[in-house]
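Colleague: File name target_20.pdb; file contents PDB, C-alpha atoms; full text below.
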ATOM      1  CA  MET A 111      33.633  48.030  17.228  1.00  0.00           C
ATOM      2  CA  ASN A 112      30.768  46.292  19.034  1.00  0.00           C
ATOM      3  CA  ILE A 113      30.658  42.767  20.474  1.00  0.00           C
ATOM      4  CA  GLU A 114      29.000  41.272  17.375  1.00  0.00           C
ATOM      5  CA  GLU A 115      31.643  42.752  15.074  1.00  0.00           C
ATOM      6  CA  PHE A 116      34.344  41.435  17.399  1.00  0.00           C
ATOM      7  CA  LYS A 117      32.835  37.933  17.336  1.00  0.00           C
ATOM      8  CA  LYS A 118      32.848  37.989  13.524  1.00  0.00           C
ATOM      9  CA  LYS A 119      36.464  39.134  13.553  1.00  0.00           C
ATOM     10  CA  LEU A 120      37.339  36.220  15.866  1.00  0.00           C
ATOM     11  CA  SER A 121      36.690  33.756  13.063  1.00  0.00           C
ATOM     12  CA  SER A 122      40.055  34.761  11.614  1.00  0.00           C
ATOM     13  CA  VAL A 123      42.030  34.087  14.798  1.00  0.00           C
ATOM     14  CA  ASN A 124      42.562  30.444  13.856  1.00  0.00           C
ATOM     15  CA  GLU A 125      44.774  31.670  11.025  1.00  0.00           C
ATOM     16  CA  ILE A 126      47.380  32.840  13.552  1.00  0.00           C
ATOM     17  CA  ILE A 127      47.070  30.209  16.313  1.00  0.00           C
ATOM     18  CA  TYR A 128      48.582  26.749  16.034  1.00  0.00           C
ATOM     19  CA  PHE A 129      49.653  23.804  18.185  1.00  0.00           C
ATOM     20  CA  ASP A 130      53.439  23.554  18.393  1.00  0.00           C
ATOM     21  CA  SER A 131      54.431  19.898  18.045  1.00  0.00           C
ATOM     22  CA  ASP A 132      57.946  20.797  19.226  1.00  0.00           C
ATOM     23  CA  ASP A 133      56.586  22.189  22.517  1.00  0.00           C
ATOM     24  CA  ASN A 134      54.150  19.535  23.771  1.00  0.00           C
ATOM     25  CA  PHE A 135      51.427  20.800  21.445  1.00  0.00           C
ATOM     26  CA  ARG A 136      51.092  24.098  23.289  1.00  0.00           C
ATOM     27  CA  GLU A 137      49.108  26.796  21.555  1.00  0.00           C
ATOM     28  CA  LYS A 138      51.204  29.536  20.006  1.00  0.00           C
ATOM     29  CA  SER A 139      50.683  32.453  17.667  1.00  0.00           C
ATOM     30  CA  SER A 140      52.360  32.937  14.322  1.00  0.00           C
ATOM     31  CA  ASP A 141      51.547  36.661  14.466  1.00  0.00           C
ATOM     32  CA  LEU A 142      51.862  38.243  17.907  1.00  0.00           C
ATOM     33  CA  SER A 143      50.962  41.723  16.637  1.00  0.00           C
ATOM     34  CA  LYS A 144      47.590  40.484  15.349  1.00  0.00           C
ATOM     35  CA  LEU A 145      47.015  38.613  18.610  1.00  0.00           C
ATOM     36  CA  GLU A 146      47.868  41.783  20.507  1.00  0.00           C
ATOM     37  CA  GLN A 147      45.265  43.689  18.470  1.00  0.00           C
ATOM     38  CA  PHE A 148      42.633  41.093  19.405  1.00  0.00           C
ATOM     39  CA  ILE A 149      43.599  41.618  23.044  1.00  0.00           C
ATOM     40  CA  ILE A 150      43.340  45.411  22.757  1.00  0.00           C
ATOM     41  CA  ASP A 151      39.931  45.170  21.073  1.00  0.00           C
ATOM     42  CA  ALA A 152      38.626  42.747  23.702  1.00  0.00           C
ATOM     43  CA  GLU A 153      39.957  44.896  26.571  1.00  0.00           C
ATOM     44  CA  ILE A 154      38.140  47.956  25.192  1.00  0.00           C
ATOM     45  CA  LEU A 155      34.907  46.016  24.759  1.00  0.00           C
ATOM     46  CA  LEU A 156      35.185  44.581  28.278  1.00  0.00           C
ATOM     47  CA  GLU A 157      35.785  48.014  29.757  1.00  0.00           C
ATOM     48  CA  ASN A 158      32.586  49.306  28.146  1.00  0.00           C
ATOM     49  CA  SER A 159      30.401  46.226  28.637  1.00  0.00           C
ATOM     50  CA  THR A 160      27.601  45.983  31.184  1.00  0.00           C
ATOM     51  CA  ASN A 161      26.141  42.677  29.947  1.00  0.00           C
ATOM     52  CA  ASP A 162      27.158  39.755  32.194  1.00  0.00           C
ATOM     53  CA  GLN A 163      27.198  37.219  29.341  1.00  0.00           C
ATOM     54  CA  ASP A 164      29.383  39.474  27.201  1.00  0.00           C
ATOM     55  CA  ARG A 165      31.702  40.139  30.139  1.00  0.00           C
ATOM     56  CA  TYR A 166      32.146  36.393  30.770  1.00  0.00           C
ATOM     57  CA  PHE A 167      32.783  35.815  27.062  1.00  0.00           C
ATOM     58  CA  LEU A 168      35.340  38.635  26.818  1.00  0.00           C
ATOM     59  CA  ARG A 169      37.169  37.606  30.014  1.00  0.00           C
ATOM     60  CA  SER A 170      37.367  34.067  28.728  1.00  0.00           C
ATOM     61  CA  ILE A 171      38.702  35.190  25.345  1.00  0.00           C
ATOM     62  CA  LEU A 172      41.216  37.477  27.048  1.00  0.00           C
ATOM     63  CA  GLY A 173      42.341  34.631  29.293  1.00  0.00           C
ATOM     64  CA  ASN A 174      43.002  32.413  26.289  1.00  0.00           C
ATOM     65  CA  PHE A 175      44.734  35.150  24.334  1.00  0.00           C
ATOM     66  CA  TYR A 176      46.949  36.246  27.227  1.00  0.00           C
ATOM     67  CA  ARG A 177      47.931  32.602  27.838  1.00  0.00           C
ATOM     68  CA  ILE A 178      48.951  32.202  24.200  1.00  0.00           C
ATOM     69  CA  TYR A 179      50.590  35.653  24.169  1.00  0.00           C
ATOM     70  CA  GLY A 180      52.885  34.596  27.011  1.00  0.00           C
ATOM     71  CA  HIS A 181      51.208  36.312  29.967  1.00  0.00           C
ATOM     72  CA  PRO A 182      49.769  33.379  31.924  1.00  0.00           C
ATOM     73  CA  GLN A 183      49.318  35.392  35.140  1.00  0.00           C
ATOM     74  CA  LYS A 184      46.914  37.745  33.350  1.00  0.00           C
ATOM     75  CA  ALA A 185      45.145  34.683  31.947  1.00  0.00           C
ATOM     76  CA  ILE A 186      44.841  33.220  35.449  1.00  0.00           C
ATOM     77  CA  SER A 187      43.323  36.466  36.687  1.00  0.00           C
ATOM     78  CA  TYR A 188      40.715  36.543  33.914  1.00  0.00           C
ATOM     79  CA  PHE A 189      39.828  32.873  34.336  1.00  0.00           C
ATOM     80  CA  THR A 190      39.563  33.263  38.112  1.00  0.00           C
ATOM     81  CA  ASN A 191      36.985  36.014  37.545  1.00  0.00           C
ATOM     82  CA  CYS A 192      35.150  33.817  35.026  1.00  0.00           C
ATOM     83  CA  LEU A 193      35.092  30.941  37.509  1.00  0.00           C
ATOM     84  CA  LYS A 194      33.725  33.201  40.237  1.00  0.00           C
ATOM     85  CA  ASP A 195      30.944  34.386  37.921  1.00  0.00           C
ATOM     86  CA  ALA A 196      30.089  30.843  36.782  1.00  0.00           C
ATOM     87  CA  SER A 197      30.017  29.576  40.384  1.00  0.00           C
ATOM     88  CA  GLU A 198      27.847  32.449  41.607  1.00  0.00           C
ATOM     89  CA  ASN A 199      25.418  31.823  38.750  1.00  0.00           C
ATOM     90  CA  LYS A 200      25.538  28.066  39.383  1.00  0.00           C
ATOM     91  CA  ASP A 201      26.384  27.464  35.729  1.00  0.00           C
ATOM     92  CA  ILE A 202      28.132  24.092  35.897  1.00  0.00           C
ATOM     93  CA  LYS A 203      28.994  24.030  32.173  1.00  0.00           C
ATOM     94  CA  LYS A 204      30.808  27.351  32.408  1.00  0.00           C
ATOM     95  CA  GLU A 205      32.511  26.199  35.625  1.00  0.00           C
ATOM     96  CA  ILE A 206      33.895  23.112  33.896  1.00  0.00           C
ATOM     97  CA  VAL A 207      35.019  24.957  30.776  1.00  0.00           C
ATOM     98  CA  THR A 208      36.633  27.667  32.891  1.00  0.00           C
ATOM     99  CA  LEU A 209      38.387  25.120  35.116  1.00  0.00           C
ATOM    100  CA  ILE A 210      39.931  23.495  32.035  1.00  0.00           C
ATOM    101  CA  ARG A 211      41.058  26.883  30.746  1.00  0.00           C
ATOM    102  CA  LEU A 212      42.368  27.896  34.170  1.00  0.00           C
ATOM    103  CA  GLY A 213      44.322  24.643  34.395  1.00  0.00           C
ATOM    104  CA  GLU A 214      45.914  25.418  31.033  1.00  0.00           C
ATOM    105  CA  ALA A 215      46.880  28.894  32.240  1.00  0.00           C
ATOM    106  CA  TRP A 216      48.564  27.410  35.321  1.00  0.00           C
ATOM    107  CA  LYS A 217      50.375  24.913  33.081  1.00  0.00           C
ATOM    108  CA  TYR A 218      51.637  27.757  30.879  1.00  0.00           C
ATOM    109  CA  ASP A 219      52.778  29.482  34.081  1.00  0.00           C
ATOM    110  CA  SER A 220      55.024  26.429  34.722  1.00  0.00           C
ATOM    111  CA  ASN A 221      52.881  25.189  37.589  1.00  0.00           C
ATOM    112  CA  GLN A 222      51.828  21.810  36.219  1.00  0.00           C
ATOM    113  CA  ASN A 223      50.996  20.441  39.676  1.00  0.00           C
ATOM    114  CA  LYS A 224      48.471  23.217  40.299  1.00  0.00           C
ATOM    115  CA  ALA A 225      47.118  22.616  36.789  1.00  0.00           C
ATOM    116  CA  LEU A 226      46.605  18.915  37.568  1.00  0.00           C
ATOM    117  CA  VAL A 227      44.600  19.766  40.681  1.00  0.00           C
ATOM    118  CA  ILE A 228      42.354  22.001  38.579  1.00  0.00           C
ATOM    119  CA  PHE A 229      41.989  19.457  35.756  1.00  0.00           C
ATOM    120  CA  ASN A 230      41.007  16.856  38.362  1.00  0.00           C
ATOM    121  CA  GLU A 231      38.410  19.265  39.744  1.00  0.00           C
ATOM    122  CA  ALA A 232      36.988  19.648  36.231  1.00  0.00           C
ATOM    123  CA  LEU A 233      36.871  15.862  35.842  1.00  0.00           C
ATOM    124  CA  VAL A 234      35.032  15.467  39.150  1.00  0.00           C
ATOM    125  CA  LYS A 235      32.482  18.122  38.147  1.00  0.00           C
ATOM    126  CA  CYS A 236      31.997  16.451  34.749  1.00  0.00           C
ATOM    127  CA  ARG A 237      31.244  13.122  36.390  1.00  0.00           C
ATOM    128  CA  GLU A 238      29.191  14.449  39.309  1.00  0.00           C
ATOM    129  CA  HIS A 239      26.994  16.555  37.016  1.00  0.00           C
ATOM    130  CA  ASN A 240      26.913  14.140  34.073  1.00  0.00           C
ATOM    131  CA  GLN A 241      28.602  16.675  31.771  1.00  0.00           C
ATOM    132  CA  ASN A 242      30.161  14.138  29.420  1.00  0.00           C
ATOM    133  CA  GLU A 243      30.478  16.678  26.608  1.00  0.00           C
ATOM    134  CA  TYR A 244      33.505  18.179  28.403  1.00  0.00           C
ATOM    135  CA  LEU A 245      35.025  14.989  29.796  1.00  0.00           C
ATOM    136  CA  ASP A 246      37.257  14.419  26.766  1.00  0.00           C
ATOM    137  CA  PHE A 247      38.601  17.987  26.974  1.00  0.00           C
ATOM    138  CA  ALA A 248      39.443  17.613  30.664  1.00  0.00           C
ATOM    139  CA  LEU A 249      41.168  14.288  29.985  1.00  0.00           C
ATOM    140  CA  GLN A 250      43.050  15.671  26.969  1.00  0.00           C
ATOM    141  CA  HIS A 251      44.419  18.656  28.888  1.00  0.00           C
ATOM    142  CA  LYS A 252      45.263  16.567  31.949  1.00  0.00           C
ATOM    143  CA  GLY A 253      47.053  14.076  29.689  1.00  0.00           C
ATOM    144  CA  LYS A 254      49.089  16.818  28.028  1.00  0.00           C
ATOM    145  CA  CYS A 255      50.006  18.211  31.443  1.00  0.00           C
ATOM    146  CA  LEU A 256      51.116  14.770  32.651  1.00  0.00           C
ATOM    147  CA  LEU A 257      53.179  14.457  29.465  1.00  0.00           C
ATOM    148  CA  GLU A 258      55.007  17.684  30.334  1.00  0.00           C
ATOM    149  CA  LEU A 259      55.780  16.227  33.759  1.00  0.00           C
ATOM    150  CA  GLY A 260      57.202  13.081  32.143  1.00  0.00           C
ATOM    151  CA  ARG A 261      54.454  10.914  33.654  1.00  0.00           C
ATOM    152  CA  LEU A 262      53.977   9.063  30.395  1.00  0.00           C
ATOM    153  CA  ILE A 263      51.918   6.070  31.548  1.00  0.00           C
ATOM    154  CA  GLU A 264      49.351   8.306  33.260  1.00  0.00           C
ATOM    155  CA  ALA A 265      49.384  10.682  30.308  1.00  0.00           C
ATOM    156  CA  GLU A 266      48.747   7.889  27.844  1.00  0.00           C
ATOM    157  CA  TYR A 267      45.882   6.542  29.966  1.00  0.00           C
ATOM    158  CA  CYS A 268      44.159   9.958  29.985  1.00  0.00           C
ATOM    159  CA  LEU A 269      44.742  10.505  26.297  1.00  0.00           C
ATOM    160  CA  LEU A 270      43.505   7.060  25.288  1.00  0.00           C
ATOM    161  CA  GLU A 271      40.311   7.662  27.274  1.00  0.00           C
ATOM    162  CA  ALA A 272      39.955  11.110  25.641  1.00  0.00           C
ATOM    163  CA  LEU A 273      40.465   9.462  22.243  1.00  0.00           C
ATOM    164  CA  ARG A 274      37.789   6.849  22.968  1.00  0.00           C
ATOM    165  CA  LEU A 275      35.299   9.563  23.936  1.00  0.00           C
ATOM    166  CA  ARG A 276      36.199  11.646  20.893  1.00  0.00           C
ATOM    167  CA  GLN A 277      35.735   8.657  18.619  1.00  0.00           C
ATOM    168  CA  LEU A 278      32.237   8.292  20.070  1.00  0.00           C
ATOM    169  CA  LYS A 279      31.625  11.972  19.293  1.00  0.00           C
ATOM    170  CA  GLY A 280      32.890  11.423  15.760  1.00  0.00           C
ATOM    171  CA  ASP A 281      34.678  14.785  15.567  1.00  0.00           C
ATOM    172  CA  ILE A 282      37.621  14.158  13.240  1.00  0.00           C
ATOM    173  CA  SER A 283      39.593  17.270  14.268  1.00  0.00           C
ATOM    174  CA  LEU A 284      39.360  16.337  17.970  1.00  0.00           C
ATOM    175  CA  ILE A 285      40.314  12.733  17.232  1.00  0.00           C
ATOM    176  CA  GLU A 286      43.328  13.869  15.204  1.00  0.00           C
ATOM    177  CA  SER A 287      44.512  16.312  17.891  1.00  0.00           C
ATOM    178  CA  THR A 288      44.419  13.579  20.532  1.00  0.00           C
ATOM    179  CA  GLN A 289      46.085  11.048  18.240  1.00  0.00           C
ATOM    180  CA  GLN A 290      48.954  13.491  17.578  1.00  0.00           C
ATOM    181  CA  VAL A 291      49.695  13.748  21.290  1.00  0.00           C
ATOM    182  CA  ILE A 292      49.475   9.971  21.733  1.00  0.00           C
ATOM    183  CA  ASN A 293      51.923   9.580  18.836  1.00  0.00           C
ATOM    184  CA  LEU A 294      54.316  11.941  20.625  1.00  0.00           C
ATOM    185  CA  ILE A 295      54.317   9.653  23.648  1.00  0.00           C
TER
END
Please express the file's structure as structure tokens.
Modeller:
Amino acid sequence: MNIEEFKKKLSSVNEIIYFDSDDNFREKSSDLSKLEQFIIDAEILLENSTNDQDRYFLRSILGNFYRIYGHPQKAISYFTNCLKDASENKDIKKEIVTLIRLGEAWKYDSNQNKALVIFNEALVKCREHNQNEYLDFALQHKGKCLLELGRLIEAEYCLLEALRLRQLKGDISLIESTQQVINLI
């Protein structure tokens, strides 16, 4: 399998990944064996890849999949490498996206306080570099992390701001995902 075939295959991953409303809307898989096969395929492609863009993409995918699969330390390792690459290349968009993903990995590793530090770093970078397209994601993930810590007022503030930004974007699926978490509060 090559990287293009893998990317096409990824379109089916949403069939096995869902947000668990009984577990603070954490991402989970309904089919761990299929998720494991995605991981194996991505690992093989990464091992054989020499293209920096493909390597970043595959590390990022592996980080997400390992987080969902229940191996947050592996996810943290992959995201740390992604962050290093993004920083060295001075790619602020990739830095922000990777910080949000890294924060999620720390949250899944039961280190919500470390996750909050990272989400705050993503928020600062969004504002300093006028990257408003990621601001709602950083706020959403920070809000969900605060929810897990029982800091409901702060969580609701973040989520309401994320909702406002998502309403401006007009993306119904993002609006609905934020509204579900607000309803949980």
Colleague: Given the file above and the PyMOL selection byres ((chain A and resi 255) around 8), which residues are selected, and can you give them as a compact mmCIF listing (two decimals) with C-alpha atoms, in the frame of the given file?
Modeller:
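Writing the result to selection-v8.txt gives the following:
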# COMPACT_ATOMS: atom_id res chain seq x y z
CA LYS A 217 50.38 24.91 33.08
CA GLN A 222 51.83 21.81 36.22
CA ALA A 225 47.12 22.62 36.79
CA LEU A 226 46.60 18.92 37.57
CA HIS A 251 44.42 18.66 28.89
CA LYS A 252 45.26 16.57 31.95
CA GLY A 253 47.05 14.08 29.69
CA LYS A 254 49.09 16.82 28.03
CA LEU A 256 51.12 14.77 32.65
CA LEU A 257 53.18 14.46 29.46
CA GLU A 258 55.01 17.68 30.33
CA LEU A 259 55.78 16.23 33.76
CA ALA A 265 49.38 10.68 30.31
Colleague: Step by step, work through what the PyMOL selection byres ((chain A and resi 248) around 7) selects in the shown file, and finish by giving those residues as a ChimeraX atom specification.
Modeller: /A:210,229,232-233,244-247,249-252
Colleague: Which of these, A:Leu273, A:Leu262, A:Ile171, A:Leu156, has the shortest distance to Glu286 of chain A once you count all atoms listed in the file?
Modeller: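 That would be A:Leu273, the residue with the smallest distance to Glu286 of chain A.
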Colleague: What gap, in Å, lies between atom CA of Ile186 of chain A and atom CA of Glu243 of chain A?
Modeller: 23.6 Å
Colleague: Quick one: distance from atom CA of Lys235 of chain A to atom CA of Glu266 of chain A in Å, one decimal?
Modeller: 21.8 Å
Colleague: Go through A:Tyr267, A:Tyr128, A:Phe189, A:Tyr218 and flag the residue nearest Ser140 of chain A, using only C-alpha atoms for the distances.
Modeller: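 Smallest separation from Ser140 of chain A among the options: A:Tyr128.
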Colleague: Quote the spacing between atom CA of Val123 of chain A and atom CA of Ile282 of chain A in Å to one decimal place.
Modeller: 20.5 Å
Colleague: Quick one: of A:Ile285, A:Ala185, A:Ile206, A:Leu142, who's nearest to Asn242 of chain A, counting only C-alpha atoms?
Modeller: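 Ranking A:Ile285, A:Ala185, A:Ile206, A:Leu142 by distance to Asn242 of chain A, first place goes to A:Ile206.
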Colleague: Report the residues retrieved by the PyMOL selection byres ((chain A and resi 291-295) around 7) from the displayed file, expressed as a list in words.
Modeller: Leu262, Glu266, Leu269, Ser287, Thr288, Gln289 and Gln290 of chain A
Colleague: Could you add N, CA, C and O atoms to segment 273-285 of chain A and give me the result as a tab-separated table (two decimals), in the frame of the given file?
Modeller:
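Written file, selection.tsv:
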chain	number	residue	atom	x	y	z
A	273	LEU	N	40.62	9.92	23.63
A	273	LEU	CA	40.47	9.46	22.24
A	273	LEU	C	39.21	8.61	22.09
A	273	LEU	O	38.44	8.80	21.13
A	274	ARG	N	38.98	7.69	23.02
A	274	ARG	CA	37.79	6.85	22.97
A	274	ARG	C	36.52	7.70	22.96
A	274	ARG	O	35.61	7.49	22.15
A	275	LEU	N	36.47	8.69	23.85
A	275	LEU	CA	35.30	9.56	23.94
A	275	LEU	C	35.14	10.40	22.66
A	275	LEU	O	34.03	10.62	22.18
A	276	ARG	N	36.25	10.84	22.11
A	276	ARG	CA	36.20	11.65	20.89
A	276	ARG	C	35.79	10.80	19.69
A	276	ARG	O	35.11	11.29	18.79
A	277	GLN	N	36.18	9.54	19.70
A	277	GLN	CA	35.74	8.66	18.62
A	277	GLN	C	34.22	8.46	18.69
A	277	GLN	O	33.55	8.41	17.66
A	278	LEU	N	33.69	8.38	19.90
A	278	LEU	CA	32.24	8.29	20.07
A	278	LEU	C	31.54	9.55	19.57
A	278	LEU	O	30.45	9.48	19.00
A	279	LYS	N	32.18	10.71	19.79
A	279	LYS	CA	31.62	11.97	19.29
A	279	LYS	C	31.69	12.04	17.77
A	279	LYS	O	30.87	12.70	17.13
A	280	GLY	N	32.73	11.42	17.21
A	280	GLY	CA	32.89	11.42	15.76
A	280	GLY	C	33.47	12.71	15.19
A	280	GLY	O	33.39	12.94	13.99
A	281	ASP	N	34.09	13.52	16.03
A	281	ASP	CA	34.68	14.78	15.57
A	281	ASP	C	36.12	14.53	15.13
A	281	ASP	O	37.01	14.34	15.96
A	282	ILE	N	36.32	14.52	13.82
A	282	ILE	CA	37.62	14.16	13.24
A	282	ILE	C	38.75	15.05	13.75
A	282	ILE	O	39.84	14.57	14.07
A	283	SER	N	38.52	16.37	13.84
A	283	SER	CA	39.59	17.27	14.27
A	283	SER	C	40.00	16.99	15.72
A	283	SER	O	41.18	17.05	16.05
A	284	LEU	N	39.03	16.67	16.58
A	284	LEU	CA	39.36	16.34	17.97
A	284	LEU	C	40.10	15.01	18.05
A	284	LEU	O	41.07	14.86	18.80
A	285	ILE	N	39.65	14.04	17.27
A	285	ILE	CA	40.31	12.73	17.23
A	285	ILE	C	41.76	12.90	16.79
A	285	ILE	O	42.69	12.35	17.41
